[in-house]
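Shown next: data-v2.csv, given as CSV, C-alpha atoms.
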chain,number,residue,atom,x,y,z
A,218,MET,CA,-44.5,7.0,78.4
A,219,ARG,CA,-47.0,6.3,81.1
A,220,LEU,CA,-47.3,8.5,84.2
A,221,SER,CA,-47.6,7.1,87.8
A,222,LEU,CA,-47.2,8.4,91.3
A,223,LEU,CA,-45.5,6.9,94.4
A,224,ASP,CA,-46.6,8.3,97.7
A,225,ARG,CA,-44.7,7.4,100.9
A,226,SER,CA,-47.3,8.8,103.4
A,227,ARG,CA,-44.9,11.5,104.6
A,228,THR,CA,-45.7,13.0,108.0
A,229,ARG,CA,-45.8,16.8,108.5
A,230,ALA,CA,-44.7,18.9,111.4
A,231,GLY,CA,-47.7,19.6,113.6
A,232,SER,CA,-49.9,16.9,112.2
A,233,PRO,CA,-50.5,13.3,113.6
A,234,ASP,CA,-49.3,10.3,111.7
A,235,SER,CA,-53.0,9.3,111.0
A,236,ARG,CA,-53.3,12.5,108.9
A,237,ALA,CA,-50.4,11.3,106.7
A,238,VAL,CA,-52.2,8.1,105.6
A,239,TRP,CA,-55.4,10.0,104.9
A,240,ASN,CA,-53.4,12.4,102.9
A,241,THR,CA,-52.2,9.5,100.8
A,242,VAL,CA,-55.8,8.4,100.1
A,243,GLU,CA,-56.7,12.0,99.2
A,244,ARG,CA,-53.7,12.2,96.8
A,245,ALA,CA,-54.8,9.0,95.1
A,246,ASN,CA,-58.1,10.6,94.4
A,247,TRP,CA,-56.7,13.6,92.7
A,248,ALA,CA,-54.2,11.4,90.8
A,249,GLU,CA,-57.1,9.5,89.4
A,250,ARG,CA,-58.8,12.7,88.4
A,251,PHE,CA,-55.6,14.0,86.7
A,252,GLY,CA,-55.3,10.8,84.7
A,253,TYR,CA,-52.4,9.1,86.3
A,254,HIS,CA,-51.9,5.4,85.3
A,255,ARG,CA,-50.9,4.0,88.7
A,256,PHE,CA,-50.7,5.1,92.3
A,257,TRP,CA,-48.3,3.2,94.6
A,258,VAL,CA,-47.5,3.3,98.3
A,259,ALA,CA,-44.3,2.2,100.0
A,260,GLU,CA,-43.1,0.3,103.0
A,261,HIS,CA,-41.0,1.8,105.8
A,262,HIS,CA,-40.8,0.8,109.5
A,263,ALA,CA,-40.4,3.0,112.6
A,264,VAL,CA,-39.3,6.1,110.5
A,265,PRO,CA,-40.6,9.3,112.2
A,266,GLY,CA,-41.1,11.0,108.9
A,267,VAL,CA,-43.0,8.2,107.2
A,268,ALA,CA,-46.4,6.7,108.2
A,269,GLY,CA,-46.6,4.2,105.3
A,270,ALA,CA,-45.6,0.9,107.1
A,271,SER,CA,-48.2,-1.5,105.8
A,272,PRO,CA,-48.5,-1.5,102.0
A,273,ALA,CA,-51.2,-4.1,101.7
A,274,VAL,CA,-53.5,-2.3,104.1
A,275,LEU,CA,-53.0,1.1,102.6
A,276,VAL,CA,-53.4,-0.3,99.0
A,277,GLY,CA,-56.8,-1.6,100.1
A,278,ALA,CA,-57.8,1.8,101.5
A,279,VAL,CA,-56.7,3.6,98.3
A,280,ALA,CA,-58.4,1.1,96.1
A,281,ALA,CA,-61.7,1.4,98.1
A,282,ARG,CA,-61.7,5.1,97.6
A,283,THR,CA,-60.8,5.2,93.9
A,284,SER,CA,-62.5,3.5,90.9
A,285,ARG,CA,-60.1,3.2,87.9
A,286,ILE,CA,-56.5,4.0,88.7
A,287,ARG,CA,-54.2,1.0,89.2
A,288,VAL,CA,-53.0,0.7,92.8
A,289,GLY,CA,-50.1,-1.1,94.3
A,290,ALA,CA,-46.9,-1.2,96.3
A,291,GLY,CA,-43.6,0.4,95.3
A,292,GLY,CA,-42.8,-1.7,97.1
A,293,VAL,CA,-43.1,-4.5,99.6
A,294,MET,CA,-39.7,-5.2,101.1
A,295,LEU,CA,-39.7,-9.0,100.6
A,296,PRO,CA,-36.9,-9.8,103.1
A,297,ASN,CA,-39.4,-8.7,105.8
A,298,HIS,CA,-42.1,-11.1,104.9
A,299,PRO,CA,-42.7,-14.8,104.0
A,300,PRO,CA,-43.5,-14.9,100.2
A,301,LEU,CA,-46.7,-16.8,100.9
A,302,VAL,CA,-48.1,-14.1,103.2
A,303,VAL,CA,-47.4,-11.4,100.6
A,304,ALA,CA,-49.0,-13.5,97.9
A,305,GLU,CA,-52.1,-14.0,100.0
A,306,GLN,CA,-52.4,-10.3,100.7
A,307,PHE,CA,-52.2,-9.2,97.1
A,308,SER,CA,-54.3,-12.1,95.8
A,309,THR,CA,-57.0,-10.9,98.3
A,310,LEU,CA,-56.6,-7.3,97.0
A,311,SER,CA,-56.9,-8.5,93.4
A,312,ALA,CA,-60.1,-10.5,94.3
A,313,LEU,CA,-61.6,-7.4,95.8
A,314,TYR,CA,-60.4,-5.0,93.1
A,315,PRO,CA,-59.9,-7.0,89.9
A,316,GLY,CA,-57.7,-5.7,87.2
A,317,ARG,CA,-56.3,-2.9,89.3
A,318,VAL,CA,-53.6,-4.3,91.7
A,319,ASP,CA,-49.8,-4.3,91.2
A,320,LEU,CA,-47.0,-5.6,93.4
A,321,GLY,CA,-43.5,-4.1,93.4
A,322,LEU,CA,-40.9,-6.0,95.2
A,323,GLY,CA,-37.8,-4.6,96.9
A,324,ARG,CA,-35.0,-6.0,99.0
A,325,SER,CA,-34.2,-3.2,101.5
A,326,LEU,CA,-33.9,-4.1,105.2
A,327,GLY,CA,-34.9,-2.0,108.1
A,328,PHE,CA,-32.8,1.1,108.6
A,329,THR,CA,-31.6,0.5,112.2
A,330,PRO,CA,-30.6,-2.5,114.2
A,331,PRO,CA,-33.7,-2.3,116.5
A,332,VAL,CA,-36.0,-2.2,113.5
A,333,ARG,CA,-34.2,-5.2,112.0
A,334,ARG,CA,-34.5,-7.1,115.2
A,335,ALA,CA,-38.2,-6.3,115.5
A,336,LEU,CA,-38.7,-7.6,112.0
A,337,ARG,CA,-36.7,-10.7,112.9
A,338,ARG,CA,-34.2,-9.9,110.1
A,339,ASP,CA,-30.5,-10.3,110.5
A,340,ARG,CA,-28.5,-7.9,108.3
A,341,ASP,CA,-25.9,-10.7,107.8
A,342,ALA,CA,-28.5,-13.3,106.8
A,343,PRO,CA,-28.1,-14.9,103.3
A,344,ASP,CA,-29.6,-12.9,100.4
A,345,THR,CA,-32.6,-15.0,99.3
A,346,PHE,CA,-34.3,-12.2,97.3
A,347,ALA,CA,-34.2,-14.0,93.9
A,348,ASP,CA,-35.5,-17.2,95.4
A,349,ASP,CA,-38.2,-15.4,97.3
A,350,VAL,CA,-39.4,-13.6,94.2
A,351,ALA,CA,-39.6,-16.9,92.3
A,352,GLU,CA,-41.5,-18.5,95.2
A,353,LEU,CA,-44.0,-15.6,95.4
A,354,ALA,CA,-44.5,-15.7,91.6
A,355,GLY,CA,-45.2,-19.4,91.8
A,356,TYR,CA,-47.9,-18.9,94.4
A,357,LEU,CA,-49.6,-16.2,92.3
A,358,SER,CA,-49.4,-18.3,89.1
A,359,GLY,CA,-50.8,-21.4,90.8
A,360,THR,CA,-47.5,-23.4,90.4
A,361,GLY,CA,-46.3,-23.0,94.0
A,362,ALA,CA,-45.8,-25.7,96.6
A,363,VAL,CA,-49.1,-24.9,98.2
A,364,THR,CA,-52.3,-23.6,96.8
A,365,LEU,CA,-52.9,-19.9,97.3
A,366,ARG,CA,-56.3,-18.8,98.7
A,367,PRO,CA,-58.1,-16.9,97.4
A,368,ALA,CA,-56.9,-18.5,94.2
A,369,PRO,CA,-56.0,-15.7,91.8
A,370,GLU,CA,-58.4,-15.4,88.9
A,371,GLU,CA,-56.1,-13.1,87.0
A,372,THR,CA,-52.4,-12.0,87.0
A,373,VAL,CA,-51.1,-9.7,89.7
A,374,PRO,CA,-48.3,-7.9,87.8
A,375,LEU,CA,-44.9,-8.1,89.6
A,376,PHE,CA,-42.2,-5.5,89.4
A,377,VAL,CA,-38.6,-5.6,90.6
A,378,LEU,CA,-37.4,-2.4,92.4
A,379,THR,CA,-33.7,-1.7,92.0
A,380,GLY,CA,-31.0,1.0,92.0
A,381,GLY,CA,-29.5,-0.9,89.1
A,382,GLY,CA,-28.1,-4.1,90.5
A,383,GLY,CA,-31.3,-6.0,90.3
A,384,VAL,CA,-31.9,-5.6,86.5
A,385,GLY,CA,-30.4,-9.0,85.8
A,386,LEU,CA,-32.9,-10.7,88.1
A,387,ALA,CA,-35.8,-8.8,86.5
A,388,ALA,CA,-34.6,-9.8,83.0
A,389,GLU,CA,-34.1,-13.5,83.9
A,390,ALA,CA,-37.5,-13.7,85.7
A,391,GLY,CA,-39.3,-11.9,82.8
A,392,LEU,CA,-40.5,-9.0,85.0
A,393,PRO,CA,-40.7,-5.2,84.6
A,394,VAL,CA,-38.0,-3.3,86.4
A,395,VAL,CA,-38.4,-0.1,88.4
A,396,VAL,CA,-35.1,1.8,88.4
A,397,ALA,CA,-34.2,4.7,90.8
A,398,GLY,CA,-31.1,6.3,92.3
A,399,PRO,CA,-27.8,7.4,90.8
A,400,LEU,CA,-28.3,5.3,87.7
A,401,LEU,CA,-30.8,8.0,86.6
A,402,ASP,CA,-28.2,10.8,86.8
A,403,ILE,CA,-28.1,11.1,83.0
A,404,ASP,CA,-26.1,14.4,83.1
A,405,ARG,CA,-23.2,12.7,84.8
A,406,ASP,CA,-23.0,9.3,83.1
A,407,PRO,CA,-25.6,8.6,80.4
A,408,GLY,CA,-23.5,5.9,78.9
A,409,ARG,CA,-23.7,3.8,82.0
A,410,THR,CA,-27.5,4.3,82.2
A,411,ARG,CA,-27.9,3.2,78.6
A,412,ALA,CA,-25.7,0.2,79.1
A,413,VAL,CA,-27.5,-1.1,82.1
A,414,LEU,CA,-31.0,-0.7,80.6
A,415,ASP,CA,-29.9,-2.0,77.2
A,416,GLY,CA,-28.5,-5.0,79.1
A,417,TYR,CA,-31.8,-5.6,80.8
A,418,ARG,CA,-33.7,-5.5,77.4
A,419,GLU,CA,-31.2,-7.8,75.7
A,420,ALA,CA,-31.2,-10.4,78.5
A,421,PHE,CA,-35.0,-10.3,79.1
A,422,ARG,CA,-36.7,-13.6,79.0
A,423,PRO,CA,-40.4,-13.3,78.1
A,424,SER,CA,-42.7,-14.7,80.7
A,425,PRO,CA,-46.4,-15.6,80.6
A,426,SER,CA,-47.2,-12.4,82.6
A,427,GLN,CA,-44.8,-10.1,80.8
A,428,PRO,CA,-44.0,-10.8,77.1
A,429,ARG,CA,-41.6,-7.9,76.6
A,430,PRO,CA,-39.3,-5.8,78.8
A,431,HIS,CA,-40.7,-2.8,80.6
A,432,VAL,CA,-38.7,-0.1,82.2
A,433,VAL,CA,-40.1,2.3,84.9
A,434,VAL,CA,-37.9,5.2,86.0
A,435,SER,CA,-38.6,6.5,89.5
A,436,LEU,CA,-37.4,9.9,90.8
A,437,ASP,CA,-38.6,13.1,92.4
A,438,VAL,CA,-40.3,15.6,90.0
A,439,MET,CA,-41.5,19.0,91.2
A,440,VAL,CA,-43.4,21.3,88.8
A,441,ALA,CA,-44.4,24.9,89.7
A,442,ASP,CA,-45.3,28.1,87.9
A,443,SER,CA,-41.6,29.2,88.2
A,444,ALA,CA,-38.3,27.5,88.6
A,445,ALA,CA,-37.6,29.3,91.8
A,446,GLU,CA,-40.8,28.1,93.4
A,447,ALA,CA,-40.2,24.6,92.3
A,448,ALA,CA,-36.7,24.7,93.9
A,449,ASP,CA,-38.1,26.1,97.1
A,450,LEU,CA,-40.8,23.4,97.3
A,451,LEU,CA,-38.1,20.7,97.3
A,452,LEU,CA,-36.5,22.1,100.5
A,453,PRO,CA,-38.6,20.2,103.0
A,454,GLU,CA,-37.8,16.8,101.6
A,455,ALA,CA,-34.2,17.8,100.9
A,456,TRP,CA,-33.8,18.9,104.5
A,457,ALA,CA,-35.2,15.6,105.8
A,458,MET,CA,-32.6,13.7,103.7
A,459,ALA,CA,-29.8,16.0,104.9
A,460,ALA,CA,-30.9,15.4,108.5
A,461,ALA,CA,-31.0,11.7,108.0
A,462,ARG,CA,-27.4,11.7,106.7
A,463,THR,CA,-26.0,14.0,109.3
A,464,ARG,CA,-28.1,13.4,112.4
A,465,GLY,CA,-29.4,9.9,111.9
A,466,GLU,CA,-33.0,11.0,111.9
A,467,PHE,CA,-35.6,11.4,109.1
A,468,PRO,CA,-37.9,14.1,110.4
A,469,PRO,CA,-41.4,15.1,109.3
A,470,LEU,CA,-41.7,17.6,106.5
A,471,GLU,CA,-41.4,21.2,107.7
A,472,PRO,CA,-42.7,24.4,106.0
A,473,VAL,CA,-40.3,25.9,103.4
A,474,SER,CA,-39.9,29.0,105.5
A,475,ASP,CA,-38.8,27.0,108.5
A,476,VAL,CA,-36.1,25.2,106.4
A,477,GLN,CA,-35.0,28.5,104.9
A,478,ALA,CA,-34.6,29.9,108.4
A,479,ARG,CA,-32.3,27.1,109.6
A,480,ASP,CA,-28.7,27.8,110.2
A,481,LEU,CA,-27.2,24.8,108.3
A,482,THR,CA,-23.7,23.5,108.6
A,483,ASP,CA,-21.7,23.2,105.5
A,484,ARG,CA,-22.2,19.4,105.5
A,485,GLU,CA,-26.0,19.7,105.9
A,486,ARG,CA,-26.1,22.3,103.1
A,487,ARG,CA,-24.1,20.0,100.8
A,488,TYR,CA,-26.4,17.1,101.4
A,489,LEU,CA,-29.5,19.3,101.0
A,490,GLU,CA,-28.3,20.6,97.7
A,491,GLU,CA,-27.3,17.1,96.5
A,492,THR,CA,-30.9,15.9,97.1
A,493,ARG,CA,-32.4,18.9,95.5
A,494,SER,CA,-30.2,18.7,92.4
A,495,GLY,CA,-31.1,15.0,92.0
A,496,ALA,CA,-34.8,15.9,91.4
A,497,ILE,CA,-36.3,17.1,88.1
A,498,HIS,CA,-37.8,20.5,88.9
A,499,GLY,CA,-38.8,23.7,87.3
A,500,ASP,CA,-41.7,25.2,85.4
A,501,ARG,CA,-43.6,23.1,82.8
A,502,THR,CA,-41.2,23.9,79.9
A,503,GLU,CA,-38.1,23.0,81.9
A,504,VAL,CA,-39.5,19.8,83.3
A,505,ALA,CA,-40.8,18.7,79.9
A,506,GLU,CA,-37.3,19.3,78.4
A,507,HIS,CA,-35.6,17.3,81.2
A,508,LEU,CA,-38.1,14.4,80.9
A,509,GLY,CA,-37.5,14.4,77.2
A,510,ARG,CA,-33.8,13.9,77.7
A,511,LEU,CA,-34.5,11.2,80.3
A,512,LEU,CA,-36.7,9.3,77.9
A,513,ALA,CA,-34.1,9.6,75.1
A,514,VAL,CA,-31.4,8.1,77.4
A,515,THR,CA,-33.4,5.4,79.1
A,516,GLY,CA,-36.1,4.6,76.6
A,517,ALA,CA,-38.4,4.3,79.6
A,518,ASP,CA,-41.9,3.0,79.3
A,519,GLU,CA,-43.2,4.7,82.4
A,520,LEU,CA,-42.3,7.5,84.9
A,521,LEU,CA,-43.0,6.9,88.6
A,522,ALA,CA,-42.8,10.3,90.3
A,523,SER,CA,-42.3,10.4,94.0
A,524,THR,CA,-42.0,14.0,95.2
A,525,SER,CA,-43.1,15.3,98.6
A,526,THR,CA,-43.4,18.8,100.0
A,527,TYR,CA,-45.0,20.3,103.1
A,528,ASP,CA,-47.6,22.4,101.3
A,529,ARG,CA,-50.2,20.0,100.0
A,530,ASP,CA,-51.9,22.6,97.8
A,531,ALA,CA,-48.5,23.1,96.1
A,532,LEU,CA,-48.1,19.3,95.9
A,533,ARG,CA,-51.4,19.0,94.2
A,534,ARG,CA,-50.5,21.8,91.8
A,535,SER,CA,-47.3,20.0,90.9
A,536,ASP,CA,-49.1,16.7,90.3
A,537,GLN,CA,-51.6,18.5,88.1
A,538,LEU,CA,-48.9,20.3,86.1
A,539,LEU,CA,-47.0,17.1,85.5
A,540,ALA,CA,-50.2,15.4,84.3
A,541,GLU,CA,-50.8,18.3,81.9
A,542,ILE,CA,-47.2,17.8,80.5
A,543,PHE,CA,-48.0,14.2,79.8
A,544,GLY,CA,-51.5,15.0,78.6
A,545,ALA,CA,-50.0,17.1,75.8
A,546,GLN,CA,-47.7,14.4,74.6
A,547,SER,CA,-48.1,12.0,71.7
A,548,PRO,CA,-47.5,8.3,72.5
A,549,GLY,CA,-43.8,7.7,73.3
A,550,SER,CA,-42.7,11.3,73.2
A,551,LEU,CA,-42.7,14.5,75.3
A,552,PRO,CA,-42.9,18.1,74.3
A,553,GLY,CA,-39.6,19.8,74.0
Is it possible to give me this structure as structure tokens?
Amino acid sequence: MRLSLLDRSRTRAGSPDSRAVWNTVERANWAERFGYHRFWVAEHHAVPGVAGASPAVLVGAVAARTSRIRVGAGGVMLPNHPPLVVAEQFSTLSALYPGRVDLGLGRSLGFTPPVRRALRRDRDAPDTFADDVAELAGYLSGTGAVTLRPAPEETVPLFVLTGGGGVGLAAEAGLPVVVAGPLLDIDRDPGRTRAVLDGYREAFRPSPSQPRPHVVVSLDVMVADSAAEAADLLLPEAWAMAAARTRGEFPPLEPVSDVQARDLTDRERRYLEETRSGAIHGDRTEVAEHLGRLLAVTGADELLASTSTYDRDALRRSDQLLAEIFGAQSPGSLPG
């Protein structure tokens, strides 16, 4: 199972947004040194806690400051963009950084009505995601209605991002699928997880760019020297998620001590604990065991870890420990 990172350019209390995008570039550098396979960035618009709004620009910055690691978007939200424009952006990136560029495609809309209006996207507009993916793929393969410039000299791998409902589209289009969300709660309903992913593999239609099915599982993973430390490090992101669900805001990451000092309502605490329990966390042994169970249920080909915390030294330590877990594995297996 390959190991990759997704970084959303999380902002931090007391730091400007510009620091968040530079932090993303710095994290990509250490991910490359630790041996990660891919480093992806995300797309969010007008979210106070996230500075990653322009994936193509940020992918270019990351690629320019690394040398080997694959770089890409996890993902570009296709409803926000004409497929031709996205194809042009990533064909240009591929021309500049050949053999290193990926493109993950999602269908999420802006979180609030003002953002959707600014993006010229009506929430009630018809869902054209499947057609848009096919159109974009046509441009990149040279079979589209217009000729893409710069003309791609090699394949830009496409991935479909989904919480589970998009696996059929990925299978029919012959594309890898990136799965996140409740579908990966293997302790609650492993049977459903197996059924959905087995269905993807059975329905998969080989394509010129992807001859066989490929499953990427994406979730938060936090590794520390102790289970208690790992649980604490998840608090800044868990509090942000709780605030988003109870207050309608997604704040910058705060220090662990600040979150611990908050007087939370029962509802806030419930959402905080739900977010924290949804992440894989613990010391190296505990995380390796949980990842082993996840692999057994999903048969995943790749893990895309997406954890954030306020303390960047602790974040780097977690990324390093996770890489060490994978570095000790034999192909297709995990210790424990």
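For the set A:Thr345, A:Thr309, A:Ser226, A:Thr482, the residue with the smallest atom-to-atom gap to A:Pro265 is A:Ser226, counting all atoms listed in the file.
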#### Entry: Nearest to A:Thr228 by atom-to-atom distance, counting all atoms listed in the file, from A:Met439, A:Ala513, A:Ala457, A:Ala347
A:Ala457
### Query
Which residues, written as an MDAnalysis selection string, have at least one atom at most 8 Å from A:Ala263, with all atoms listed in the file counted and residues fewer than 4 positions away on the same chain left out?
chainID A and resid 267 270 332
### Task
Show which residues sit within 6 Å of A:Arg227, as a PyMOL selection string. Count only C-alpha atoms, and ignore same-chain residues fewer than 2 positions away.
chain A and resi 225+237+266-267
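For the residues A:Phe251, A:Ser308, A:His262, A:Val276, ranking by smallest atom-to-atom distance to A:Glu370 using all atoms listed in the file places A:Ser308 first.
Closest approach to A:Leu336 among A:Gly380, A:Pro299, A:Pro468, A:Pro399 is made by A:Pro299 (distances from all atoms listed in the file).
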Missing atoms in stretch 450-461 of chain A need filling: write out all heavy atoms for it as a tab-separated table (two decimals), in the frame of the given file.
chain	number	residue	atom	x	y	z
A	450	LEU	N	-39.91	24.43	96.85
A	450	LEU	CA	-40.80	23.40	97.30
A	450	LEU	C	-40.08	22.05	97.57
A	450	LEU	O	-40.57	21.20	98.32
A	450	LEU	CB	-41.91	23.14	96.25
A	450	LEU	CG	-42.93	24.25	96.13
A	450	LEU	CD1	-43.85	24.02	94.93
A	450	LEU	CD2	-43.77	24.36	97.41
A	451	LEU	N	-38.89	21.89	97.01
A	451	LEU	CA	-38.10	20.70	97.30
A	451	LEU	C	-37.36	20.76	98.61
A	451	LEU	O	-36.85	19.74	99.09
A	451	LEU	CB	-37.07	20.48	96.16
A	451	LEU	CG	-37.63	20.02	94.82
A	451	LEU	CD1	-36.54	20.07	93.76
A	451	LEU	CD2	-38.20	18.61	94.92
A	452	LEU	N	-37.31	21.93	99.24
A	452	LEU	CA	-36.50	22.10	100.50
A	452	LEU	C	-36.96	21.21	101.62
A	452	LEU	O	-36.10	20.65	102.32
A	452	LEU	CB	-36.52	23.56	100.90
A	452	LEU	CG	-35.64	24.51	100.08
A	452	LEU	CD1	-35.87	25.95	100.52
A	452	LEU	CD2	-34.16	24.14	100.26
A	453	PRO	N	-38.27	21.04	101.90
A	453	PRO	CA	-38.60	20.20	103.00
A	453	PRO	C	-38.12	18.76	102.93
A	453	PRO	O	-37.59	18.21	103.90
A	453	PRO	CB	-40.18	20.25	103.02
A	453	PRO	CG	-40.49	21.58	102.39
A	453	PRO	CD	-39.45	21.74	101.32
A	454	GLU	N	-38.27	18.15	101.76
A	454	GLU	CA	-37.80	16.80	101.60
A	454	GLU	C	-36.24	16.76	101.57
A	454	GLU	O	-35.62	15.85	102.13
A	454	GLU	CB	-38.31	16.20	100.27
A	454	GLU	CG	-37.99	14.73	100.07
A	454	GLU	CD	-38.76	13.82	101.02
A	454	GLU	OE1	-39.90	14.15	101.40
A	454	GLU	OE2	-38.20	12.77	101.39
A	455	ALA	N	-35.63	17.76	100.95
A	455	ALA	CA	-34.20	17.80	100.90
A	455	ALA	C	-33.59	17.97	102.30
A	455	ALA	O	-32.55	17.37	102.63
A	455	ALA	CB	-33.72	18.95	99.99
A	456	TRP	N	-34.23	18.78	103.15
A	456	TRP	CA	-33.80	18.90	104.50
A	456	TRP	C	-33.90	17.62	105.28
A	456	TRP	O	-33.00	17.23	106.05
A	456	TRP	CB	-34.49	20.05	105.25
A	456	TRP	CG	-34.36	19.92	106.74
A	456	TRP	CD1	-35.36	19.70	107.64
A	456	TRP	CD2	-33.15	19.96	107.50
A	456	TRP	NE1	-34.85	19.59	108.91
A	456	TRP	CE2	-33.49	19.75	108.85
A	456	TRP	CE3	-31.80	20.15	107.17
A	456	TRP	CZ2	-32.54	19.72	109.87
A	456	TRP	CZ3	-30.85	20.11	108.17
A	456	TRP	CH2	-31.22	19.90	109.51
A	457	ALA	N	-34.99	16.92	105.10
A	457	ALA	CA	-35.20	15.60	105.80
A	457	ALA	C	-34.07	14.66	105.41
A	457	ALA	O	-33.54	13.93	106.26
A	457	ALA	CB	-36.55	15.06	105.46
A	458	MET	N	-33.72	14.63	104.13
A	458	MET	CA	-32.60	13.70	103.70
A	458	MET	C	-31.30	14.18	104.28
A	458	MET	O	-30.48	13.34	104.69
A	458	MET	CB	-32.56	13.72	102.16
A	458	MET	CG	-33.77	13.07	101.49
A	458	MET	SD	-33.97	11.34	101.93
A	458	MET	CE	-32.49	10.65	101.20
A	459	ALA	N	-31.06	15.48	104.33
A	459	ALA	CA	-29.80	16.00	104.90
A	459	ALA	C	-29.76	15.63	106.41
A	459	ALA	O	-28.70	15.23	106.92
A	459	ALA	CB	-29.72	17.48	104.73
A	460	ALA	N	-30.87	15.77	107.12
A	460	ALA	CA	-30.90	15.40	108.50
A	460	ALA	C	-30.66	13.94	108.74
A	460	ALA	O	-29.98	13.53	109.68
A	460	ALA	CB	-32.26	15.83	109.13
A	461	ALA	N	-31.20	13.11	107.85
A	461	ALA	CA	-31.00	11.70	108.00
A	461	ALA	C	-29.52	11.31	107.83
A	461	ALA	O	-29.01	10.44	108.53
A	461	ALA	CB	-31.82	10.94	106.91
